[in-house]
Amino acid sequence: MKKRKRRMRTGKGSTRNQRIRRNRRLLALTGIVTAFALVFVTVLVVTLLKNVYNGDDSEPESFLETIEVAHDTTNNGKHEYLNQDIINFITGSGMTVTEALMQRPETIELTPENTAEFASINNCAIVDDDKIQIEATSAGIPASDDKYYYIFEQATYEDGLAEGAEPLDRIYKGEEAQFKLNLKKDSADSRLFSKFTLAVRKDGGFVGISHPKYITNPGACARHSYGGMEHKSIKGILPHPLKLSELPDLGVNYCSYNIPLSHILTTSGGIEYDYGGKVYHFNSQIMNDYDNLFQKLNGMGIDIAAIILNDASPSTYPEITHPDARSGSTAPYYMFNAADEGGVKALAAIGSFLAGRYSGTGHGNVSMWIIANEVNARKEYNYMAKTDVNTYTAAFTRAFRVFYNAIMSENSSAKVYIPIDQRWTYNTEKTGDYDAKDVIDIFASSISNYGNIDWGLAAHPYSFPNGNTAFWNASRYVNHTETTPTITMDNIEVLTNYMQKDSMRDTSGNVRSIILSELGYSSTSGEDVQAAAFAYAYTKMEKNGHIDALMLSRQVDAQEEISALGLALGLENTGGGHKKLYDVFKYIDTDKRNEVVSFAYSIVGKEF
């Protein structure tokens, strides 16, 4: 292999500066440097001795301790001395150079196999409120056209360095590299949603040598910090807007509420929101309605999980919906668009607007944000043209990251969740959907590879089929292993055990926040069975210890669910009458628990 020469500095202003490009030459150069240092010291000593004995007949105290320098500064017999420390410094300098050369990291040729992840970006974080600090390491020095590492910015939707892209900064190559960039949070070219890649110049162009990484602490630039209230239980519900006055009596601590984009967006007027150099419009009347609702719920001591749903018209708001989801859908919601610049900016604006409005600014507070509904249910709830599970999940993951960064950059204490249904390994891809386990695995791996963040999981462990209220009965769809077809409340420990794996933990090594954002049992098989199912399920949740909140679906039966699915999930019927479940729900986390739950033991077949 042909070796290139490397100049080495030998002194200030020297014209003999040649670079060291290959480690094979280090030994010879080390000898030269050492010899030069020894010759320099020898000449210095001889000169000093000559000057000593020619210029003064006094004897030095000790040649080893002090050498008299022939420099009579005053012509009155005063002399300066070069002591042993200075001699050691001079001779030691040569050895220091030698050691530095010997310790220089190995230069390694880049190959197709090692190039993509030759270096690792170990930290990409906001510091000092408005700076991004990027730290990278490598096991050696990559051979390239010059002596620099370069840092590049990539858009969310870019899979490599764009043609003609220019680096943001450069630094001398070493085994460690650090860059500090401007965040530019509120500008049109904000880097809050960008990823960053280390590169070198090779064969006249730039080549990426690290896996791209996003900012992992967007909350560091947040204006607000609302993380919710203190609660004594995990009990929550999907409320009926006309029955809110009952919630304090029921002891509700959490409520979930949908925010469909078709409700809050408008093409003009309304609330104008300037984000990233573009003005977005939100329906002022609808937003005021949400304000009043959230303020009222907060006033009752209730925290809110808001579900952002993309039902915006693709013809009216094409930038919000993924290009592969703008036609052919029979689902009520579409895949969010992080596939181009317009989509990223629109999602960022929506997430930023909502989180900023509901984080202590006088409009009510939201502590939990759920992005989409049952993501693995492509056909039913999160439409995108059919493709493989990796491509589908990648599209959602990119959109989720945009929402996460937007929300957290406004409220550093918020929680952001990915929602899944109960079909765990059901082999749903053949039907046009995806298994929840596959989606979570791909999602978690991608998030980790591009910079781990503290996402949460919002699960819907309904019975399977949904009408199977007595979920404790044996079913071929439910077992207690990791490969179970479905996860219901009978085997909820499978899910929470899975989330305790190292690969699933958050950035601090803790189990991620898990909420059951939808769960309900139908009374079509009888009110006693419905109430017993909830009592048993709630007890299992409490004992599990890894579930932060439950949102029972729902406060009042929905006629459309009864008509279409035969499911009557409410505490009350459509006429407002209380079912047996009402009192069980109300008292299950009080000192009256045993009184309202004991009836269920004979139905379930055991005490709990």
# chains A, B, ... in the order shown; residues from 1 in each chain; ligands from 1
>>> residues_around(residues="Asn258 in chain A", least_positions_apart="2", cutoff="7 Å", atoms="only C-alpha atoms", output="PDB file with N, CA, C and O atoms, in the first residue's frame")
ATOM      1  N   SER A 256     -58.695  11.252  29.468  1.00  0.00           N
ATOM      2  CA  SER A 256     -58.142  11.324  28.114  1.00  0.00           C
ATOM      3  C   SER A 256     -59.106  12.106  27.245  1.00  0.00           C
ATOM      4  O   SER A 256     -60.327  12.054  27.454  1.00  0.00           O
ATOM      5  N   PRO A 260     -58.666  16.087  17.460  1.00  0.00           N
ATOM      6  CA  PRO A 260     -58.563  15.857  16.009  1.00  0.00           C
ATOM      7  C   PRO A 260     -58.117  17.149  15.313  1.00  0.00           C
ATOM      8  O   PRO A 260     -58.643  18.231  15.602  1.00  0.00           O
ATOM      9  N   ALA A 306     -53.911  14.124  26.289  1.00  0.00           N
ATOM     10  CA  ALA A 306     -54.491  14.603  25.036  1.00  0.00           C
ATOM     11  C   ALA A 306     -53.976  13.757  23.882  1.00  0.00           C
ATOM     12  O   ALA A 306     -52.762  13.508  23.771  1.00  0.00           O
ATOM     13  N   ILE A 307     -54.888  13.325  23.021  1.00  0.00           N
ATOM     14  CA  ILE A 307     -54.558  12.436  21.904  1.00  0.00           C
ATOM     15  C   ILE A 307     -54.624  13.244  20.605  1.00  0.00           C
ATOM     16  O   ILE A 307     -55.695  13.715  20.213  1.00  0.00           O
ATOM     17  N   ILE A 308     -53.487  13.425  19.949  1.00  0.00           N
ATOM     18  CA  ILE A 308     -53.427  14.193  18.704  1.00  0.00           C
ATOM     19  C   ILE A 308     -53.712  13.251  17.537  1.00  0.00           C
ATOM     20  O   ILE A 308     -52.970  12.288  17.310  1.00  0.00           O
TER      21      ILE A 308
END
>>> residues_around(residues="range 183-185 of chain A", least_positions_apart="4", cutoff="9 Å", atoms="only C-alpha atoms", output="list in words")
Ile126, Asp129, Asp130, Lys131, Ile132, Asp189, Ser190, Arg191, Leu192, Cys221, Gly276 and Ser409 of chain A
>>> write_last_selection(atoms="N, CA, C and O atoms", output="PDB file, in the first residue's frame")
ATOM      1  N   ILE A 126     -28.542  19.814  23.993  1.00  0.00           N
ATOM      2  CA  ILE A 126     -28.615  21.258  24.153  1.00  0.00           C
ATOM      3  C   ILE A 126     -27.881  21.651  25.433  1.00  0.00           C
ATOM      4  O   ILE A 126     -28.078  21.042  26.490  1.00  0.00           O
ATOM      5  N   ASP A 129     -28.869  26.587  27.043  1.00  0.00           N
ATOM      6  CA  ASP A 129     -30.182  26.994  26.518  1.00  0.00           C
ATOM      7  C   ASP A 129     -30.255  27.089  24.995  1.00  0.00           C
ATOM      8  O   ASP A 129     -31.278  26.776  24.405  1.00  0.00           O
ATOM      9  N   ASP A 130     -29.201  27.552  24.339  1.00  0.00           N
ATOM     10  CA  ASP A 130     -29.305  27.828  22.903  1.00  0.00           C
ATOM     11  C   ASP A 130     -28.129  27.300  22.088  1.00  0.00           C
ATOM     12  O   ASP A 130     -27.879  27.761  20.988  1.00  0.00           O
ATOM     13  N   LYS A 131     -27.397  26.330  22.644  1.00  0.00           N
ATOM     14  CA  LYS A 131     -26.290  25.719  21.920  1.00  0.00           C
ATOM     15  C   LYS A 131     -26.500  24.210  21.841  1.00  0.00           C
ATOM     16  O   LYS A 131     -27.159  23.612  22.685  1.00  0.00           O
ATOM     17  N   ILE A 132     -25.926  23.605  20.807  1.00  0.00           N
ATOM     18  CA  ILE A 132     -25.935  22.145  20.676  1.00  0.00           C
ATOM     19  C   ILE A 132     -24.502  21.660  20.803  1.00  0.00           C
ATOM     20  O   ILE A 132     -23.621  22.103  20.047  1.00  0.00           O
ATOM     21  N   ASP A 189     -34.580  28.331  10.231  1.00  0.00           N
ATOM     22  CA  ASP A 189     -33.623  27.235  10.054  1.00  0.00           C
ATOM     23  C   ASP A 189     -33.232  26.618  11.395  1.00  0.00           C
ATOM     24  O   ASP A 189     -32.083  26.262  11.624  1.00  0.00           O
ATOM     25  N   SER A 190     -34.219  26.483  12.274  1.00  0.00           N
ATOM     26  CA  SER A 190     -34.006  25.863  13.582  1.00  0.00           C
ATOM     27  C   SER A 190     -33.405  24.469  13.424  1.00  0.00           C
ATOM     28  O   SER A 190     -33.749  23.722  12.500  1.00  0.00           O
ATOM     29  N   ARG A 191     -32.513  24.131  14.335  1.00  0.00           N
ATOM     30  CA  ARG A 191     -31.885  22.799  14.323  1.00  0.00           C
ATOM     31  C   ARG A 191     -32.503  21.864  15.348  1.00  0.00           C
ATOM     32  O   ARG A 191     -31.980  20.777  15.600  1.00  0.00           O
ATOM     33  N   LEU A 192     -33.637  22.257  15.900  1.00  0.00           N
ATOM     34  CA  LEU A 192     -34.293  21.459  16.929  1.00  0.00           C
ATOM     35  C   LEU A 192     -34.736  20.094  16.415  1.00  0.00           C
ATOM     36  O   LEU A 192     -34.817  19.123  17.163  1.00  0.00           O
ATOM     37  N   CYS A 221     -34.435  23.516  26.404  1.00  0.00           N
ATOM     38  CA  CYS A 221     -34.724  24.879  25.934  1.00  0.00           C
ATOM     39  C   CYS A 221     -36.194  25.246  26.160  1.00  0.00           C
ATOM     40  O   CYS A 221     -36.695  26.203  25.579  1.00  0.00           O
ATOM     41  N   GLY A 276     -41.272  29.077  12.980  1.00  0.00           N
ATOM     42  CA  GLY A 276     -40.270  28.776  11.963  1.00  0.00           C
ATOM     43  C   GLY A 276     -40.415  29.623  10.719  1.00  0.00           C
ATOM     44  O   GLY A 276     -40.107  29.158   9.615  1.00  0.00           O
ATOM     45  N   SER A 409     -39.758  20.806  23.889  1.00  0.00           N
ATOM     46  CA  SER A 409     -39.087  22.102  23.827  1.00  0.00           C
ATOM     47  C   SER A 409     -39.962  23.221  24.388  1.00  0.00           C
ATOM     48  O   SER A 409     -39.482  24.337  24.612  1.00  0.00           O
TER      49      SER A 409
END
>>> residues_around(residues="range 438-454 of chain A", least_positions_apart="4", cutoff="10 Å", atoms="only C-alpha atoms", output="number ranges by chain")
A: 121-125, 195-196, 211-218, 375-376, 389-398, 400-401, 404-405, 415-420, 424-425, 427, 434, 499, 503-508, 510-513
>>> residues_around(residues="Thr488 in chain A", least_positions_apart="3", cutoff="8 Å", atoms="only C-alpha atoms", output="list in words")
Gln422, Pro461, Tyr462, Ser463, Phe464, Phe471, Val478, Asn491 and Ile492 of chain A
>>> write_last_selection(atoms="N, CA, C and O atoms", output="tab-separated table (two decimals), in the first residue's frame")
chain	number	residue	atom	x	y	z
A	422	GLN	N	-54.06	-4.42	21.39
A	422	GLN	CA	-53.73	-5.63	22.14
A	422	GLN	C	-53.15	-6.76	21.28
A	422	GLN	O	-52.76	-7.80	21.80
A	461	PRO	N	-55.10	-2.79	26.34
A	461	PRO	CA	-55.21	-4.24	26.54
A	461	PRO	C	-56.66	-4.72	26.66
A	461	PRO	O	-57.03	-5.42	27.62
A	462	TYR	N	-57.47	-4.35	25.67
A	462	TYR	CA	-58.85	-4.87	25.65
A	462	TYR	C	-58.83	-6.40	25.58
A	462	TYR	O	-57.84	-7.02	25.16
A	463	SER	N	-59.95	-7.00	25.95
A	463	SER	CA	-60.09	-8.44	25.72
A	463	SER	C	-60.04	-8.72	24.23
A	463	SER	O	-60.23	-7.82	23.39
A	464	PHE	N	-59.78	-9.97	23.89
A	464	PHE	CA	-59.78	-10.34	22.47
A	464	PHE	C	-60.61	-11.61	22.30
A	464	PHE	O	-60.30	-12.64	22.90
A	471	PHE	N	-62.43	-11.88	30.66
A	471	PHE	CA	-61.09	-12.06	30.06
A	471	PHE	C	-60.27	-13.12	30.77
A	471	PHE	O	-59.25	-13.59	30.24
A	478	VAL	N	-54.44	-15.98	24.21
A	478	VAL	CA	-53.75	-15.40	25.37
A	478	VAL	C	-52.95	-16.46	26.09
A	478	VAL	O	-53.46	-17.51	26.46
A	491	ASN	N	-52.94	-11.24	31.00
A	491	ASN	CA	-51.49	-11.44	30.93
A	491	ASN	C	-50.74	-10.12	30.77
A	491	ASN	O	-49.73	-10.04	30.09
A	492	ILE	N	-51.23	-9.07	31.43
A	492	ILE	CA	-50.62	-7.74	31.30
A	492	ILE	C	-49.17	-7.74	31.74
A	492	ILE	O	-48.36	-6.89	31.30
>>> atom_distance(atom1="CA of Gln295 in chain A", atom2="CA of Gly270 in chain A")
20.6 Å
>>> closest_atom_pairs(of="range 261-323 of chain A", to="range 344-355 of chain A", cutoff="9 Å", atoms="only C-alpha atoms", output="CSV")
residue,atom,partner,partner_atom,distance
A:Leu261,CA,A:Ile350,CA,8.9
A:Tyr273,CA,A:Phe353,CA,7.3
A:Asp274,CA,A:Ala349,CA,8.3
A:Tyr275,CA,A:Ala349,CA,5.8
A:Gly276,CA,A:Lys345,CA,7.2
A:Lys278,CA,A:Lys345,CA,8.7
A:Tyr280,CA,A:Ala349,CA,7.5
A:Ile308,CA,A:Gly351,CA,8.9
A:Glu319,CA,A:Ala346,CA,7.0
A:Ile320,CA,A:Ala346,CA,6.3
>>> closest_residue(among="A:Gly251, A:Pro112, A:Gly301, A:Gly174", to="Gly208 in chain A", atoms="only C-alpha atoms")
A:Pro112
>>> atom_distance(atom1="CA of Lys543 in chain A", atom2="CA of Leu516 in chain A")
14.5 Å
>>> select_by_dssp(residues="range 115-316 of chain A", states="strand (DSSP E or B)", output="JSON, numbers by chain")
{"A": [119, 120, 121, 122, 123, 124, 125, 126, 127, 131, 132, 133, 134, 135, 136, 137, 138, 141, 142, 148, 149, 150, 151, 152, 153, 154, 169, 170, 171, 172, 176, 177, 178, 179, 180, 181, 182, 195, 196, 197, 198, 199, 200, 201, 202, 205, 206, 207, 208, 210, 213, 214, 224, 236, 237, 254, 255, 256, 257, 258, 259, 260, 265, 271, 272, 273, 274, 275, 278, 279, 280, 281, 282, 303, 304, 305, 306, 307, 308, 309]}
>>> select_by_dssp(residues="range 139-237 of chain A", states="helix (DSSP H, G or I)", output="VMD selection string")
chain A and resid 218 to 221
>>> atom_distance(atom1="CA of Gly509 in chain A", atom2="CA of Gly545 in chain A")
16.8 Å
>>> residues_around(residues="His460 in chain A", least_positions_apart="5", cutoff="10 Å", atoms="only C-alpha atoms", output="list in words")
Asn373, Glu374, Pro419, Ile420, Asp421, Gln422, Arg423, Ile487, Thr488, Met489, Ile515, Leu516, Ser517, Glu518, Leu519, Gly520, Leu550 and Met551 of chain A
>>> write_last_selection(atoms="all heavy atoms", output="compact mmCIF listing (two decimals), in the first residue's frame")
# COMPACT_ATOMS: atom_id res chain seq x y z
N ASN A 373 -53.46 7.01 17.15
CA ASN A 373 -54.25 6.00 17.84
C ASN A 373 -53.90 4.62 17.31
O ASN A 373 -53.91 4.40 16.10
CB ASN A 373 -55.75 6.25 17.65
CG ASN A 373 -56.60 5.21 18.34
OD1 ASN A 373 -56.50 5.02 19.55
ND2 ASN A 373 -57.43 4.51 17.57
N GLU A 374 -53.55 3.71 18.23
CA GLU A 374 -53.26 2.31 17.87
C GLU A 374 -52.45 2.24 16.59
O GLU A 374 -52.93 1.78 15.54
CB GLU A 374 -54.57 1.52 17.79
CG GLU A 374 -55.28 1.47 19.13
CD GLU A 374 -56.51 0.59 19.15
OE1 GLU A 374 -56.94 0.10 18.08
OE2 GLU A 374 -57.08 0.39 20.25
N PRO A 419 -49.07 4.82 20.98
CA PRO A 419 -50.18 3.95 21.35
C PRO A 419 -50.22 2.65 20.52
O PRO A 419 -49.95 2.66 19.32
CB PRO A 419 -51.41 4.80 21.04
CG PRO A 419 -50.99 5.63 19.86
CD PRO A 419 -49.49 5.83 19.98
N ILE A 420 -50.54 1.54 21.18
CA ILE A 420 -50.68 0.26 20.49
C ILE A 420 -51.96 -0.43 20.95
O ILE A 420 -52.48 -0.14 22.03
CB ILE A 420 -49.48 -0.67 20.75
CG1 ILE A 420 -49.31 -0.91 22.26
CG2 ILE A 420 -48.20 -0.11 20.13
CD1 ILE A 420 -48.29 -1.99 22.62
N ASP A 421 -52.45 -1.37 20.12
CA ASP A 421 -53.60 -2.16 20.55
C ASP A 421 -53.13 -3.46 21.20
O ASP A 421 -51.94 -3.63 21.49
CB ASP A 421 -54.59 -2.37 19.40
CG ASP A 421 -54.08 -3.33 18.32
OD1 ASP A 421 -53.06 -4.04 18.54
OD2 ASP A 421 -54.69 -3.37 17.24
N GLN A 422 -54.06 -4.42 21.39
CA GLN A 422 -53.73 -5.63 22.14
C GLN A 422 -53.15 -6.76 21.28
O GLN A 422 -52.76 -7.80 21.80
CB GLN A 422 -54.97 -6.14 22.89
CG GLN A 422 -56.01 -6.88 22.07
CD GLN A 422 -57.01 -5.98 21.39
OE1 GLN A 422 -56.64 -5.02 20.73
NE2 GLN A 422 -58.30 -6.29 21.54
N ARG A 423 -53.06 -6.57 19.96
CA ARG A 423 -52.59 -7.64 19.08
C ARG A 423 -51.06 -7.66 19.07
O ARG A 423 -50.42 -6.95 18.33
CB ARG A 423 -53.17 -7.46 17.68
CG ARG A 423 -54.68 -7.63 17.65
CD ARG A 423 -55.26 -7.31 16.29
NE ARG A 423 -55.06 -5.91 15.92
CZ ARG A 423 -55.40 -5.38 14.75
NH1 ARG A 423 -55.94 -6.15 13.81
NH2 ARG A 423 -55.20 -4.11 14.50
N ILE A 487 -52.25 -9.33 24.16
CA ILE A 487 -52.04 -8.94 25.56
C ILE A 487 -53.32 -8.30 26.07
O ILE A 487 -53.77 -7.27 25.58
CB ILE A 487 -50.85 -7.98 25.70
CG1 ILE A 487 -49.54 -8.73 25.44
CG2 ILE A 487 -50.84 -7.34 27.09
CD1 ILE A 487 -48.31 -7.87 25.52
N THR A 488 -53.92 -8.95 27.07
CA THR A 488 -55.12 -8.45 27.73
C THR A 488 -54.78 -8.24 29.20
O THR A 488 -53.62 -8.38 29.61
CB THR A 488 -56.27 -9.45 27.59
OG1 THR A 488 -55.99 -10.60 28.41
CG2 THR A 488 -56.43 -9.92 26.14
N MET A 489 -55.78 -7.94 30.01
CA MET A 489 -55.50 -7.80 31.43
C MET A 489 -55.23 -9.14 32.10
O MET A 489 -54.76 -9.20 33.23
CB MET A 489 -56.64 -7.07 32.13
CG MET A 489 -56.60 -5.56 31.93
SD MET A 489 -55.00 -4.79 32.32
CE MET A 489 -54.79 -5.24 34.03
N ILE A 515 -48.97 3.71 30.35
CA ILE A 515 -50.35 3.99 30.72
C ILE A 515 -51.27 3.11 29.89
O ILE A 515 -50.90 2.68 28.79
CB ILE A 515 -50.72 5.48 30.52
CG1 ILE A 515 -50.62 5.89 29.05
CG2 ILE A 515 -49.86 6.37 31.40
CD1 ILE A 515 -51.11 7.31 28.77
N LEU A 516 -52.43 2.83 30.43
CA LEU A 516 -53.46 2.10 29.68
C LEU A 516 -54.48 3.16 29.26
O LEU A 516 -55.41 3.47 30.00
CB LEU A 516 -54.08 1.01 30.55
CG LEU A 516 -53.09 0.05 31.20
CD1 LEU A 516 -53.83 -1.08 31.93
CD2 LEU A 516 -52.10 -0.52 30.19
N SER A 517 -54.24 3.74 28.09
CA SER A 517 -55.03 4.90 27.68
C SER A 517 -56.40 4.53 27.15
O SER A 517 -57.23 5.42 26.94
CB SER A 517 -54.26 5.71 26.63
OG SER A 517 -53.88 4.91 25.53
N GLU A 518 -56.65 3.25 26.95
CA GLU A 518 -58.00 2.76 26.64
C GLU A 518 -58.15 1.36 27.21
O GLU A 518 -57.29 0.50 27.00
CB GLU A 518 -58.26 2.70 25.12
CG GLU A 518 -58.69 4.00 24.49
CD GLU A 518 -59.17 3.77 23.06
OE1 GLU A 518 -59.86 2.75 22.81
OE2 GLU A 518 -58.84 4.60 22.20
N LEU A 519 -59.22 1.15 27.91
CA LEU A 519 -59.56 -0.19 28.41
C LEU A 519 -61.01 -0.15 28.84
O LEU A 519 -61.44 0.79 29.51
CB LEU A 519 -58.68 -0.57 29.60
CG LEU A 519 -59.00 -1.92 30.25
CD1 LEU A 519 -58.71 -3.06 29.28
CD2 LEU A 519 -58.22 -2.11 31.54
N GLY A 520 -61.76 -1.16 28.43
CA GLY A 520 -63.17 -1.18 28.83
C GLY A 520 -63.77 -2.56 28.65
O GLY A 520 -63.24 -3.40 27.92
N LEU A 550 -54.75 4.69 34.23
CA LEU A 550 -55.77 3.95 33.48
C LEU A 550 -56.82 4.93 32.98
O LEU A 550 -57.29 5.78 33.75
CB LEU A 550 -56.44 2.90 34.36
CG LEU A 550 -57.88 2.52 33.96
CD1 LEU A 550 -57.86 1.62 32.73
CD2 LEU A 550 -58.62 1.86 35.10
N MET A 551 -57.19 4.82 31.71
CA MET A 551 -58.31 5.60 31.20
C MET A 551 -59.42 4.62 30.79
O MET A 551 -59.34 3.99 29.73
CB MET A 551 -57.89 6.43 29.98
CG MET A 551 -56.61 7.19 30.15
SD MET A 551 -56.65 8.38 31.47
CE MET A 551 -54.98 9.03 31.37
>>> closest_atom_pairs(of="range 223-337 of chain A", to="range 576-581 of chain A", cutoff="12 Å", atoms="only C-alpha atoms", output="tab-separated table")
residue	atom	partner	partner_atom	distance
A:His240	CA	A:Gly576	CA	10.8
A:Leu242	CA	A:Gly576	CA	10.7
A:Lys243	CA	A:Gly576	CA	9.3
A:Glu246	CA	A:Gly576	CA	11.4
A:Leu250	CA	A:Leu581	CA	11.1
>>> closest_residue(among="A:Ser413, A:Arg223, A:Thr156, A:Leu552", to="Asn253 in chain A", atoms="only C-alpha atoms")
A:Leu552
>>> closest_residue(among="A:Thr481, A:Ala338, A:Gln530, A:Ser563", to="Phe599 in chain A", atoms="only C-alpha atoms")
A:Gln530
>>> residues_around(residues="range 141-144 of chain A", least_positions_apart="3", cutoff="7 Å", atoms="only C-alpha atoms", output="list of chain:residue names")
A:Pro105, A:Glu106, A:Thr107, A:Ile108, A:Glu109, A:Leu110, A:Lys173, A:Gly174, A:Glu175, A:Val200, A:Arg201, A:Lys202
>>> write_last_selection(atoms="N, CA and C atoms", output="compact mmCIF listing (two decimals), in the first residue's frame")
# COMPACT_ATOMS: atom_id res chain seq x y z
N PRO A 105 -2.81 7.78 17.82
CA PRO A 105 -3.70 6.69 17.38
C PRO A 105 -3.35 6.19 15.99
N GLU A 106 -3.68 4.95 15.77
CA GLU A 106 -3.40 4.32 14.48
C GLU A 106 -4.26 4.94 13.38
N THR A 107 -3.67 5.12 12.23
CA THR A 107 -4.42 5.58 11.06
C THR A 107 -5.00 4.37 10.35
N ILE A 108 -6.30 4.42 10.07
CA ILE A 108 -7.01 3.27 9.53
C ILE A 108 -7.66 3.64 8.21
N GLU A 109 -7.52 2.77 7.24
CA GLU A 109 -8.16 2.97 5.94
C GLU A 109 -9.67 2.75 6.06
N LEU A 110 -10.42 3.59 5.40
CA LEU A 110 -11.87 3.42 5.36
C LEU A 110 -12.24 2.39 4.30
N LYS A 173 -8.65 15.95 13.21
CA LYS A 173 -8.98 14.56 13.50
C LYS A 173 -8.24 14.05 14.73
N GLY A 174 -8.92 13.28 15.51
CA GLY A 174 -8.36 12.62 16.68
C GLY A 174 -9.30 11.51 17.09
N GLU A 175 -9.04 10.90 18.23
CA GLU A 175 -9.95 9.86 18.71
C GLU A 175 -11.17 10.46 19.41
N VAL A 200 -15.80 12.89 6.82
CA VAL A 200 -14.46 13.27 6.39
C VAL A 200 -14.49 13.54 4.89
N ARG A 201 -13.47 14.24 4.43
CA ARG A 201 -13.34 14.48 3.01
C ARG A 201 -12.60 13.30 2.39
N LYS A 202 -13.20 12.72 1.37
CA LYS A 202 -12.62 11.51 0.77
C LYS A 202 -12.86 11.53 -0.73
